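Have a look at coords_24.cif below; it lists mmCIF, C-alpha atoms; chains and numbers go by the auth columns.
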data_work
loop_
_atom_site.group_PDB
_atom_site.id
_atom_site.type_symbol
_atom_site.label_atom_id
_atom_site.label_comp_id
_atom_site.label_asym_id
_atom_site.label_seq_id
_atom_site.Cartn_x
_atom_site.Cartn_y
_atom_site.Cartn_z
_atom_site.B_iso_or_equiv
_atom_site.auth_seq_id
_atom_site.auth_asym_id
ATOM 1 C CA MET A 1 116.990 92.004 118.294 0.00 1 O
ATOM 2 C CA ALA A 2 117.558 88.244 118.444 0.00 2 O
ATOM 3 C CA ASP A 3 114.535 88.167 120.665 0.00 3 O
ATOM 4 C CA VAL A 4 112.137 89.544 118.116 0.00 4 O
ATOM 5 C CA ILE A 5 113.433 87.132 115.445 0.00 5 O
ATOM 6 C CA GLU A 6 112.707 84.280 117.826 0.00 6 O
ATOM 7 C CA ARG A 7 109.204 85.626 118.317 0.00 7 O
ATOM 8 C CA ILE A 8 108.654 85.768 114.550 0.00 8 O
ATOM 9 C CA GLU A 9 109.978 82.269 114.050 0.00 9 O
ATOM 10 C CA SER A 10 107.874 80.733 116.770 0.00 10 O
ATOM 11 C CA ALA A 11 104.770 82.594 115.528 0.00 11 O
ATOM 12 C CA ILE A 12 105.124 81.298 111.967 0.00 12 O
ATOM 13 C CA LYS A 13 105.941 77.816 113.225 0.00 13 O
ATOM 14 C CA GLU A 14 103.056 77.556 115.654 0.00 14 O
ATOM 15 C CA ASN A 15 100.434 79.128 113.400 0.00 15 O
ATOM 16 C CA LYS A 16 99.854 77.526 110.020 0.00 16 O
ATOM 17 C CA VAL A 17 98.363 80.801 108.839 0.00 17 O
ATOM 18 C CA MET A 18 100.106 83.771 110.431 0.00 18 O
ATOM 19 C CA ILE A 19 99.304 87.344 109.448 0.00 19 O
ATOM 20 C CA PHE A 20 101.512 90.273 110.463 0.00 20 O
ATOM 21 C CA MET A 21 99.179 93.237 110.094 0.00 21 O
ATOM 22 C CA LYS A 22 98.140 96.687 111.252 0.00 22 O
ATOM 23 C CA GLY A 23 95.539 96.315 113.971 0.00 23 O
ATOM 24 C CA ASP A 24 93.816 93.022 114.669 0.00 24 O
ATOM 25 C CA ARG A 25 91.192 90.872 112.994 0.00 25 O
ATOM 26 C CA ILE A 26 88.335 92.738 114.671 0.00 26 O
ATOM 27 C CA PHE A 27 89.736 96.223 114.144 0.00 27 O
ATOM 28 C CA PRO A 28 92.190 96.272 111.238 0.00 28 O
ATOM 29 C CA GLN A 29 93.917 99.668 111.048 0.00 29 O
ATOM 30 C CA CYS A 30 94.620 99.657 107.317 0.00 30 O
ATOM 31 C CA GLY A 31 92.592 98.774 104.233 0.00 31 O
ATOM 32 C CA PHE A 32 95.157 96.270 102.987 0.00 32 O
ATOM 33 C CA SER A 33 95.296 94.464 106.309 0.00 33 O
ATOM 34 C CA ALA A 34 91.490 94.438 106.416 0.00 34 O
ATOM 35 C CA ALA A 35 91.234 92.982 102.907 0.00 35 O
ATOM 36 C CA THR A 36 93.750 90.266 103.742 0.00 36 O
ATOM 37 C CA VAL A 37 91.965 89.247 106.939 0.00 37 O
ATOM 38 C CA ALA A 38 88.621 89.262 105.066 0.00 38 O
ATOM 39 C CA ILE A 39 89.910 86.665 102.604 0.00 39 O
ATOM 40 C CA PHE A 40 90.934 84.269 105.381 0.00 40 O
ATOM 41 C CA GLU A 41 87.632 84.889 107.191 0.00 41 O
ATOM 42 C CA GLU A 42 85.869 84.002 103.944 0.00 42 O
ATOM 43 C CA LEU A 43 87.846 80.768 103.652 0.00 43 O
ATOM 44 C CA GLY A 44 86.816 80.022 107.219 0.00 44 O
ATOM 45 C CA VAL A 45 90.250 78.769 108.224 0.00 45 O
ATOM 46 C CA PRO A 46 91.993 79.302 111.558 0.00 46 O
ATOM 47 C CA PHE A 47 94.616 82.029 111.513 0.00 47 O
ATOM 48 C CA ALA A 48 96.588 84.115 113.960 0.00 48 O
ATOM 49 C CA THR A 49 97.551 87.773 113.702 0.00 49 O
ATOM 50 C CA ALA A 50 100.206 90.010 115.178 0.00 50 O
ATOM 51 C CA ASP A 51 99.733 93.780 115.327 0.00 51 O
ATOM 52 C CA VAL A 52 102.827 95.649 114.151 0.00 52 O
ATOM 53 C CA LEU A 53 101.429 99.063 115.104 0.00 53 O
ATOM 54 C CA SER A 54 101.578 98.243 118.799 0.00 54 O
ATOM 55 C CA ASP A 55 105.043 96.724 118.373 0.00 55 O
ATOM 56 C CA PRO A 56 107.498 98.959 116.441 0.00 56 O
ATOM 57 C CA GLU A 57 110.343 96.497 116.936 0.00 57 O
ATOM 58 C CA LEU A 58 108.306 93.745 115.295 0.00 58 O
ATOM 59 C CA ARG A 59 107.273 96.095 112.484 0.00 59 O
ATOM 60 C CA GLU A 60 110.888 96.748 111.468 0.00 60 O
ATOM 61 C CA ALA A 61 112.061 93.199 112.128 0.00 61 O
ATOM 62 C CA ILE A 62 109.400 91.509 110.003 0.00 62 O
ATOM 63 C CA LYS A 63 110.247 93.736 107.026 0.00 63 O
ATOM 64 C CA ARG A 64 113.866 92.662 107.212 0.00 64 O
ATOM 65 C CA TYR A 65 113.027 89.046 108.006 0.00 65 O
ATOM 66 C CA SER A 66 110.837 88.651 104.919 0.00 66 O
ATOM 67 C CA ASN A 67 112.799 91.091 102.745 0.00 67 O
ATOM 68 C CA TRP A 68 109.443 92.751 102.135 0.00 68 O
ATOM 69 C CA PRO A 69 108.806 96.470 102.687 0.00 69 O
ATOM 70 C CA THR A 70 105.081 96.487 103.376 0.00 70 O
ATOM 71 C CA ILE A 71 102.469 95.242 105.838 0.00 71 O
ATOM 72 C CA PRO A 72 100.460 92.982 105.869 0.00 72 O
ATOM 73 C CA GLN A 73 102.619 89.914 105.444 0.00 73 O
ATOM 74 C CA VAL A 74 101.213 86.420 105.351 0.00 74 O
ATOM 75 C CA TYR A 75 103.008 83.185 106.256 0.00 75 O
ATOM 76 C CA ILE A 76 101.402 79.859 105.415 0.00 76 O
ATOM 77 C CA GLY A 77 102.955 76.677 106.729 0.00 77 O
ATOM 78 C CA GLY A 78 105.963 78.668 107.918 0.00 78 O
ATOM 79 C CA LYS A 79 106.629 80.057 104.447 0.00 79 O
ATOM 80 C CA PHE A 80 106.313 83.685 103.359 0.00 80 O
ATOM 81 C CA VAL A 81 103.538 83.856 100.777 0.00 81 O
ATOM 82 C CA GLY A 82 103.184 87.585 100.234 0.00 82 O
ATOM 83 C CA GLY A 83 101.245 90.716 101.000 0.00 83 O
ATOM 84 C CA CYS A 84 97.707 91.783 100.200 0.00 84 O
ATOM 85 C CA ASP A 85 98.046 91.800 96.389 0.00 85 O
ATOM 86 C CA ILE A 86 99.499 88.307 96.216 0.00 86 O
ATOM 87 C CA ILE A 87 96.941 86.870 98.632 0.00 87 O
ATOM 88 C CA ARG A 88 94.161 88.479 96.599 0.00 88 O
ATOM 89 C CA GLU A 89 95.617 87.125 93.362 0.00 89 O
ATOM 90 C CA LEU A 90 96.026 83.606 94.781 0.00 90 O
ATOM 91 C CA HIS A 91 92.497 83.725 96.160 0.00 91 O
ATOM 92 C CA GLU A 92 91.043 84.816 92.813 0.00 92 O
ATOM 93 C CA SER A 93 92.921 82.097 90.950 0.00 93 O
ATOM 94 C CA GLY A 94 91.744 79.487 93.460 0.00 94 O
ATOM 95 C CA GLU A 95 95.271 78.603 94.594 0.00 95 O
ATOM 96 C CA LEU A 96 95.037 79.977 98.107 0.00 96 O
ATOM 97 C CA GLU A 97 92.553 77.550 99.636 0.00 97 O
ATOM 98 C CA PRO A 98 94.430 74.340 98.657 0.00 98 O
ATOM 99 C CA MET A 99 97.654 75.961 99.890 0.00 99 O
ATOM 100 C CA VAL A 100 96.076 76.670 103.284 0.00 100 O
ATOM 101 C CA LYS A 101 94.408 73.265 103.478 0.00 101 O
ATOM 102 C CA ALA A 102 97.714 71.565 102.711 0.00 102 O
ATOM 103 C CA ALA A 103 99.424 73.508 105.503 0.00 103 O
ATOM 104 C CA LEU A 104 96.621 72.743 107.972 0.00 104 O
ATOM 105 C CA GLY A 105 96.548 69.088 106.890 0.00 105 O
ATOM 106 C CA ALA A 106 100.246 68.768 107.545 0.00 106 O
ATOM 107 C CA THR A 107 99.628 69.608 111.219 0.00 107 O
ATOM 108 C CA ALA A 108 96.696 67.226 111.572 0.00 108 O
ATOM 109 C CA ASN A 109 98.878 64.348 110.443 0.00 109 O
ATOM 110 C CA GLN A 110 101.635 65.020 112.910 0.00 110 O
ATOM 111 C CA MET B 1 111.482 104.601 88.311 0.00 1 P
ATOM 112 C CA ILE B 2 110.318 101.010 88.154 0.00 2 P
ATOM 113 C CA ALA B 3 111.218 100.995 84.469 0.00 3 P
ATOM 114 C CA ARG B 4 114.757 102.106 85.309 0.00 4 P
ATOM 115 C CA GLY B 5 115.287 99.254 87.745 0.00 5 P
ATOM 116 C CA ILE B 6 113.784 96.487 85.645 0.00 6 P
ATOM 117 C CA PRO B 7 115.081 96.381 82.094 0.00 7 P
ATOM 118 C CA ASP B 8 112.449 95.773 79.405 0.00 8 P
ATOM 119 C CA ALA B 9 109.594 96.486 81.798 0.00 9 P
ATOM 120 C CA GLN B 10 106.363 98.027 80.584 0.00 10 P
ATOM 121 C CA VAL B 11 104.929 99.987 83.448 0.00 11 P
ATOM 122 C CA GLU B 12 101.545 101.577 83.960 0.00 12 P
ATOM 123 C CA VAL B 13 101.156 103.559 87.157 0.00 13 P
ATOM 124 C CA ARG B 14 98.025 105.192 88.489 0.00 14 P
ATOM 125 C CA ASP B 15 97.925 107.579 91.415 0.00 15 P
ATOM 126 C CA TYR B 16 94.515 106.590 92.671 0.00 16 P
ATOM 127 C CA THR B 17 94.027 109.173 95.376 0.00 17 P
ATOM 128 C CA GLY B 18 95.824 112.006 93.598 0.00 18 P
ATOM 129 C CA GLY B 19 97.898 112.567 96.717 0.00 19 P
ATOM 130 C CA GLY B 20 101.149 111.224 95.298 0.00 20 P
ATOM 131 C CA ASP B 21 101.542 108.447 97.836 0.00 21 P
ATOM 132 C CA HIS B 22 98.946 105.800 96.944 0.00 22 P
ATOM 133 C CA PHE B 23 99.762 104.048 93.711 0.00 23 P
ATOM 134 C CA GLU B 24 98.614 101.198 91.606 0.00 24 P
ATOM 135 C CA ALA B 25 101.110 99.705 89.176 0.00 25 P
ATOM 136 C CA LEU B 26 100.942 97.132 86.452 0.00 26 P
ATOM 137 C CA VAL B 27 104.396 95.895 85.541 0.00 27 P
ATOM 138 C CA VAL B 28 104.935 93.646 82.554 0.00 28 P
ATOM 139 C CA SER B 29 108.430 92.271 82.033 0.00 29 P
ATOM 140 C CA PRO B 30 110.096 89.224 80.512 0.00 30 P
ATOM 141 C CA SER B 31 112.368 89.143 83.566 0.00 31 P
ATOM 142 C CA PHE B 32 109.393 87.803 85.585 0.00 32 P
ATOM 143 C CA GLU B 33 109.435 84.617 83.537 0.00 33 P
ATOM 144 C CA GLY B 34 109.925 81.600 85.786 0.00 34 P
ATOM 145 C CA LYS B 35 109.649 83.669 88.974 0.00 35 P
ATOM 146 C CA GLY B 36 107.036 83.391 91.711 0.00 36 P
ATOM 147 C CA LEU B 37 104.930 86.338 92.804 0.00 37 P
ATOM 148 C CA VAL B 38 107.095 87.025 95.845 0.00 38 P
ATOM 149 C CA GLU B 39 110.235 87.315 93.727 0.00 39 P
ATOM 150 C CA ARG B 40 108.479 89.495 91.145 0.00 40 P
ATOM 151 C CA HIS B 41 107.216 91.930 93.739 0.00 41 P
ATOM 152 C CA GLN B 42 110.638 91.971 95.389 0.00 42 P
ATOM 153 C CA LEU B 43 112.164 93.025 92.056 0.00 43 P
ATOM 154 C CA VAL B 44 109.763 95.942 91.849 0.00 44 P
ATOM 155 C CA TYR B 45 110.352 96.979 95.472 0.00 45 P
ATOM 156 C CA GLN B 46 114.076 96.800 94.834 0.00 46 P
ATOM 157 C CA ALA B 47 113.746 99.041 91.782 0.00 47 P
ATOM 158 C CA LEU B 48 111.864 101.577 93.903 0.00 48 P
ATOM 159 C CA GLY B 49 114.553 101.451 96.564 0.00 49 P
ATOM 160 C CA ASP B 50 114.407 104.220 99.165 0.00 50 P
ATOM 161 C CA ALA B 51 111.388 105.868 97.569 0.00 51 P
ATOM 162 C CA MET B 52 109.357 102.883 98.674 0.00 52 P
ATOM 163 C CA ARG B 53 110.159 103.685 102.280 0.00 53 P
ATOM 164 C CA ALA B 54 110.128 107.457 102.060 0.00 54 P
ATOM 165 C CA GLN B 55 107.364 108.480 99.681 0.00 55 P
ATOM 166 C CA VAL B 56 105.102 105.588 98.927 0.00 56 P
ATOM 167 C CA HIS B 57 102.453 104.790 101.480 0.00 57 P
ATOM 168 C CA ALA B 58 100.611 102.198 99.470 0.00 58 P
ATOM 169 C CA LEU B 59 101.391 100.367 96.277 0.00 59 P
ATOM 170 C CA THR B 60 99.073 97.865 94.697 0.00 60 P
ATOM 171 C CA LEU B 61 101.096 95.669 92.390 0.00 61 P
ATOM 172 C CA LYS B 62 100.258 93.433 89.518 0.00 62 P
ATOM 173 C CA THR B 63 103.228 91.684 87.899 0.00 63 P
ATOM 174 C CA LEU B 64 102.872 89.840 84.600 0.00 64 P
ATOM 175 C CA THR B 65 105.096 88.296 81.984 0.00 65 P
ATOM 176 C CA PRO B 66 104.461 89.510 78.415 0.00 66 P
ATOM 177 C CA ALA B 67 102.734 86.184 77.633 0.00 67 P
ATOM 178 C CA GLN B 68 100.400 86.546 80.618 0.00 68 P
ATOM 179 C CA TYR B 69 99.632 90.118 79.584 0.00 69 P
ATOM 180 C CA GLN B 70 98.666 88.978 76.079 0.00 70 P
ATOM 181 C CA ASN B 71 96.327 86.329 77.486 0.00 71 P
ATOM 182 C CA ARG B 72 94.549 88.892 79.553 0.00 72 P
ATOM 183 C CA ARG B 73 93.490 91.143 76.716 0.00 73 P
#
Serialized structure, structure tokens:
Amino acid sequence: MADVIERIESAIKENKVMIFMKGDRIFPQCGFSAATVAIFEELGVPFATADVLSDPELREAIKRYSNWPTIPQVYIGGKFVGGCDIIRELHESGELEPMVKAALGATANQ
Amino acid sequence: MIARGIPDAQVEVRDYTGGGDHFEALVVSPSFEGKGLVERHQLVYQALGDAMRAQVHALTLKTLTPAQYQNRR
């Protein structure tokens, strides 16, 4: 159990945009995961994904870790930002891109 | 169900596949005032409780304060 938490924490620390999803970026296994990935592809920013379908332990752990019942889950700059609806809403309002750029910029300056 | 868990909430739910497990909900409540999207959605998930795990496969959520709802019309 502690192990999987460590994996989550290192994933969200090492990847400025980290998406816990069903499937992967090439073959998303759920419409909501696909829509979320599509938004980050459109922004053209680097992001990493983890497939919860191939990892049941991760699937349960991430729900508890974020206090969030659904997949996908997006972390930006180590912070939980939301699922598909929130990402879509932030993208439509134009808030998502600056948020991602700020997180990516923070790494570049280190 | 959402309305029971969040006092003063106006809720519109649509079952968009007709199968009883894919829903779309618009929730308008003054209790969202001053809260971020994550907190608002967490309130709704909390109100749904076990049903969220057991029955609901997909839920598309839109959470607005009454003022935001007015601006939208």
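With only C-alpha atoms taken into account, the protein and nucleic acid residues at most 7 Å from stretch 54-70 of chain O (excluding it and anything under 5 positions from it in its own chain) are Val4 and Phe80 of chain O; Gln42 of chain P.
Once the PyMOL selection byres ((chain O) within 12 of (chain P)) is applied to the depicted file, the selected set reads Cys30, Gly31, Phe32, Ser33, Glu60, Lys63, Ser66, Asn67, Trp68, Pro69, Thr70, Ile71, Pro72, Gln73, Val74, Tyr75, Lys79, Phe80, Val81, Gly82, Gly83, Cys84, Asp85, Ile86, Ile87, Arg88, Glu89 and Leu90 of chain O.
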Quiz item: Suppose you want the space between atom CA of O:Gly78 and atom CA of O:Ile12; what is it in Å?
Solution: 4.9 Å
Practice problem: Please evaluate the PyMOL selection byres ((chain O and resi 100) around 12) against the structure above and give the resulting residues as number ranges by chain. | Solution: O: 15-18, 39-40, 43-47, 74-79, 81, 87, 90-91, 94-99, 101-107
Exercise. Translate the PyMOL selection byres ((chain P and resi 30) around 9), as applied to the file shown, into an explicit residue set as number ranges by chain.
Key: P: 7-9, 28-29, 31-33, 64-67
Quiz item: What is the atom CA of P:Val44-atom CA of P:Gly5 distance in Å, reported with one decimal?
Solution: 7.6 Å
Quiz item: Could you state the separation of atom CA of P:Glu12 and atom CA of O:Val37 in Å, given to one decimal place?
Solution: 27.8 Å
Let me have the centre and edge lengths of the axis-aligned box enclosing all listed atoms of stretch 46-62 of chain P with 4 Å padding on every side, in Å to one decimal, as AutoDock Vina command-line options.
--center_x 106.8 --center_y 101.0 --center_z 95.9 --size_x 23.5 --size_y 23.0 --size_z 20.8
Self-check item: Minimum-distance residue to O:Ile19, chosen among O:Ser93, O:Ala35, O:Glu42, O:Asp3 (using all atoms listed in the file)
Solution: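 Closest residue, counting all atoms listed in the file: O:Ala35.
For the residues O:Ala11, O:Ile5, O:Ala50, O:Glu92, ranking by smallest atom-to-atom distance to O:Pro28 using all atoms listed in the file places O:Ala50 first.
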Can I get N, CA and C atoms for stretch 59-84 of chain O, as a PDB file, in the first residue's frame?
ATOM      1  N   ARG O  59      -5.448   2.057  -9.357  1.00  0.00           N
ATOM      2  CA  ARG O  59      -6.797   2.567  -9.598  1.00  0.00           C
ATOM      3  C   ARG O  59      -7.505   2.911  -8.283  1.00  0.00           C
ATOM      4  N   GLU O  60      -7.430   2.003  -7.312  1.00  0.00           N
ATOM      5  CA  GLU O  60      -8.065   2.258  -6.016  1.00  0.00           C
ATOM      6  C   GLU O  60      -7.307   3.316  -5.229  1.00  0.00           C
ATOM      7  N   ALA O  61      -5.974   3.239  -5.279  1.00  0.00           N
ATOM      8  CA  ALA O  61      -5.154   4.143  -4.475  1.00  0.00           C
ATOM      9  C   ALA O  61      -5.306   5.594  -4.919  1.00  0.00           C
ATOM     10  N   ILE O  62      -5.382   5.822  -6.219  1.00  0.00           N
ATOM     11  CA  ILE O  62      -5.449   7.206  -6.706  1.00  0.00           C
ATOM     12  C   ILE O  62      -6.791   7.840  -6.324  1.00  0.00           C
ATOM     13  N   LYS O  63      -7.847   7.024  -6.286  1.00  0.00           N
ATOM     14  CA  LYS O  63      -9.157   7.549  -5.883  1.00  0.00           C
ATOM     15  C   LYS O  63      -9.123   8.032  -4.435  1.00  0.00           C
ATOM     16  N   ARG O  64      -8.467   7.239  -3.594  1.00  0.00           N
ATOM     17  CA  ARG O  64      -8.360   7.636  -2.188  1.00  0.00           C
ATOM     18  C   ARG O  64      -7.403   8.817  -2.030  1.00  0.00           C
ATOM     19  N   TYR O  65      -6.302   8.757  -2.755  1.00  0.00           N
ATOM     20  CA  TYR O  65      -5.260   9.781  -2.638  1.00  0.00           C
ATOM     21  C   TYR O  65      -5.819  11.163  -2.979  1.00  0.00           C
ATOM     22  N   SER O  66      -6.616  11.230  -4.033  1.00  0.00           N
ATOM     23  CA  SER O  66      -7.157  12.517  -4.480  1.00  0.00           C
ATOM     24  C   SER O  66      -8.504  12.839  -3.837  1.00  0.00           C
ATOM     25  N   ASN O  67      -9.085  11.873  -3.128  1.00  0.00           N
ATOM     26  CA  ASN O  67     -10.460  11.988  -2.652  1.00  0.00           C
ATOM     27  C   ASN O  67     -11.379  12.303  -3.831  1.00  0.00           C
ATOM     28  N   TRP O  68     -11.268  11.501  -4.847  1.00  0.00           N
ATOM     29  CA  TRP O  68     -11.974  11.738  -6.121  1.00  0.00           C
ATOM     30  C   TRP O  68     -12.393  10.389  -6.674  1.00  0.00           C
ATOM     31  N   PRO O  69     -13.684  10.180  -6.958  1.00  0.00           N
ATOM     32  CA  PRO O  69     -14.143   8.816  -7.263  1.00  0.00           C
ATOM     33  C   PRO O  69     -13.945   8.362  -8.703  1.00  0.00           C
ATOM     34  N   THR O  70     -13.583   9.270  -9.590  1.00  0.00           N
ATOM     35  CA  THR O  70     -13.574   8.893 -11.007  1.00  0.00           C
ATOM     36  C   THR O  70     -12.201   9.048 -11.652  1.00  0.00           C
ATOM     37  N   ILE O  71     -12.057   8.410 -12.796  1.00  0.00           N
ATOM     38  CA  ILE O  71     -10.878   8.473 -13.652  1.00  0.00           C
ATOM     39  C   ILE O  71     -11.349   9.114 -14.960  1.00  0.00           C
ATOM     40  N   PRO O  72     -10.631   9.955 -15.610  1.00  0.00           N
ATOM     41  CA  PRO O  72      -9.241  10.358 -15.359  1.00  0.00           C
ATOM     42  C   PRO O  72      -9.083  11.379 -14.229  1.00  0.00           C
ATOM     43  N   GLN O  73      -7.836  11.491 -13.792  1.00  0.00           N
ATOM     44  CA  GLN O  73      -7.468  12.501 -12.805  1.00  0.00           C
ATOM     45  C   GLN O  73      -6.193  13.185 -13.290  1.00  0.00           C
ATOM     46  N   VAL O  74      -6.209  14.490 -13.234  1.00  0.00           N
ATOM     47  CA  VAL O  74      -5.078  15.255 -13.752  1.00  0.00           C
ATOM     48  C   VAL O  74      -4.380  16.027 -12.632  1.00  0.00           C
ATOM     49  N   TYR O  75      -3.055  15.876 -12.583  1.00  0.00           N
ATOM     50  CA  TYR O  75      -2.223  16.655 -11.656  1.00  0.00           C
ATOM     51  C   TYR O  75      -1.351  17.591 -12.479  1.00  0.00           C
ATOM     52  N   ILE O  76      -1.351  18.854 -12.096  1.00  0.00           N
ATOM     53  CA  ILE O  76      -0.483  19.835 -12.755  1.00  0.00           C
ATOM     54  C   ILE O  76       0.399  20.473 -11.694  1.00  0.00           C
ATOM     55  N   GLY O  77       1.692  20.404 -11.919  1.00  0.00           N
ATOM     56  CA  GLY O  77       2.636  20.952 -10.940  1.00  0.00           C
ATOM     57  C   GLY O  77       2.481  20.299  -9.583  1.00  0.00           C
ATOM     58  N   GLY O  78       2.165  19.009  -9.572  1.00  0.00           N
ATOM     59  CA  GLY O  78       2.040  18.268  -8.321  1.00  0.00           C
ATOM     60  C   GLY O  78       0.720  18.472  -7.594  1.00  0.00           C
ATOM     61  N   LYS O  79      -0.177  19.249  -8.198  1.00  0.00           N
ATOM     62  CA  LYS O  79      -1.436  19.572  -7.528  1.00  0.00           C
ATOM     63  C   LYS O  79      -2.604  18.945  -8.298  1.00  0.00           C
ATOM     64  N   PHE O  80      -3.553  18.382  -7.557  1.00  0.00           N
ATOM     65  CA  PHE O  80      -4.730  17.796  -8.196  1.00  0.00           C
ATOM     66  C   PHE O  80      -5.611  18.900  -8.785  1.00  0.00           C
ATOM     67  N   VAL O  81      -5.877  18.814 -10.065  1.00  0.00           N
ATOM     68  CA  VAL O  81      -6.642  19.872 -10.730  1.00  0.00           C
ATOM     69  C   VAL O  81      -8.070  19.422 -11.027  1.00  0.00           C
ATOM     70  N   GLY O  82      -8.258  18.133 -11.283  1.00  0.00           N
ATOM     71  CA  GLY O  82      -9.613  17.655 -11.496  1.00  0.00           C
ATOM     72  C   GLY O  82      -9.695  16.538 -12.510  1.00  0.00           C
ATOM     73  N   GLY O  83     -10.941  16.226 -12.869  1.00  0.00           N
ATOM     74  CA  GLY O  83     -11.191  15.200 -13.870  1.00  0.00           C
ATOM     75  C   GLY O  83     -11.516  15.854 -15.204  1.00  0.00           C
ATOM     76  N   CYS O  84     -12.153  15.080 -16.060  1.00  0.00           N
ATOM     77  CA  CYS O  84     -12.426  15.528 -17.428  1.00  0.00           C
ATOM     78  C   CYS O  84     -13.258  16.820 -17.500  1.00  0.00           C
TER      79      CYS O  84
END
